[in-house]
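One structure is given below, encoded as structure tokens.
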Amino acid sequence: MATSSPAASSSTTTSTARRININTRRNMSASNTEEQTKTETEAELIFGKFKISKSQIFYESPSDLTAAIVNLRPIVPGHVLVIPKRIVPKLSELTNEEYDDLWRSVRIIQNALESHYHAGGFNVAVQDGKMAGQSVPHVHVHILPRQEGDFERNDDVYDKLEDWAPTRAMCEEKQRNKVELEVPDDDDRKDRTTQMMEEESSLYKALMGTEANI
């Protein structure tokens, strides 16, 4: 009866161990690749510094310039955000194509929400820059379907928008740094004269130049 030598047995064991190690490394590499692919798939959009998973995106424009996402802290049912995919803080920094695509997308989404929620109206709002109350430095359009009686005072929605931020911590920080805008009561506001308004209009025509088209 033939028997293998200790040296041959040791060689066989070493060879087997090597194969196991190679296969383990391959499996780990494949697992890491799958995990990376999964992460990239789940976070297909960035809103400011926030990673938005694919499951939270419900619209992408045909040009792939614009997306619409559901809201972590909606003010009313159906409150969604429409954003350009390229991160810029202000509307003026969008290209003409991005700007037009953004507002076409707003109209498409608004029509869909109106049908679903039987909305009696909408608030469509942009806080264009930090001084306007923008909490995320990435252009975003708020679309809020409105229902009768959803606020005790209809204008309360503007206070809610002013205080809105994507996270509780950001809301609290916004409240701490909030500067109240003093708006006079309607009874204290006085109509301007026709001359004052004509002078203002002339100023803006001059600012617009040939783009005024007048």
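Residues in the structure tokens are named by chain (A, B, ... in the order shown) and by number from 1 within that chain; ligands are numbered from 1 in the order shown.
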
Write out as a PyMOL selection string each polymer residue whose atoms come within 9 Å of Ser61 of chain A, counting only C-alpha atoms; drop sequence neighbours fewer than 6 positions from it. chain A and resi 67-68+101-102+104-105

As a PyMOL selection string, which residues of segment 51-200 of chain A does DSSP assign to alpha helix (DSSP H)? chain A and resi 96-117+156-163+168-176+194-200

Could you tell me which of A:Pro62, A:Gly209, A:Gly78, A:Gly149 comes closest to Asn123 of chain A if we count only C-alpha atoms? A:Gly78

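If only C-alpha atoms are the atoms counted, then among A:Pro84, A:Pro89, A:Pro77, A:Gly48 the closest residue to Gly129 of chain A is A:Pro89.
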
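Minimum distance to Val106 of chain A across A:Met208, A:Ile83, A:Met197, A:Val88 (counting only C-alpha atoms) occurs at A:Ile83.
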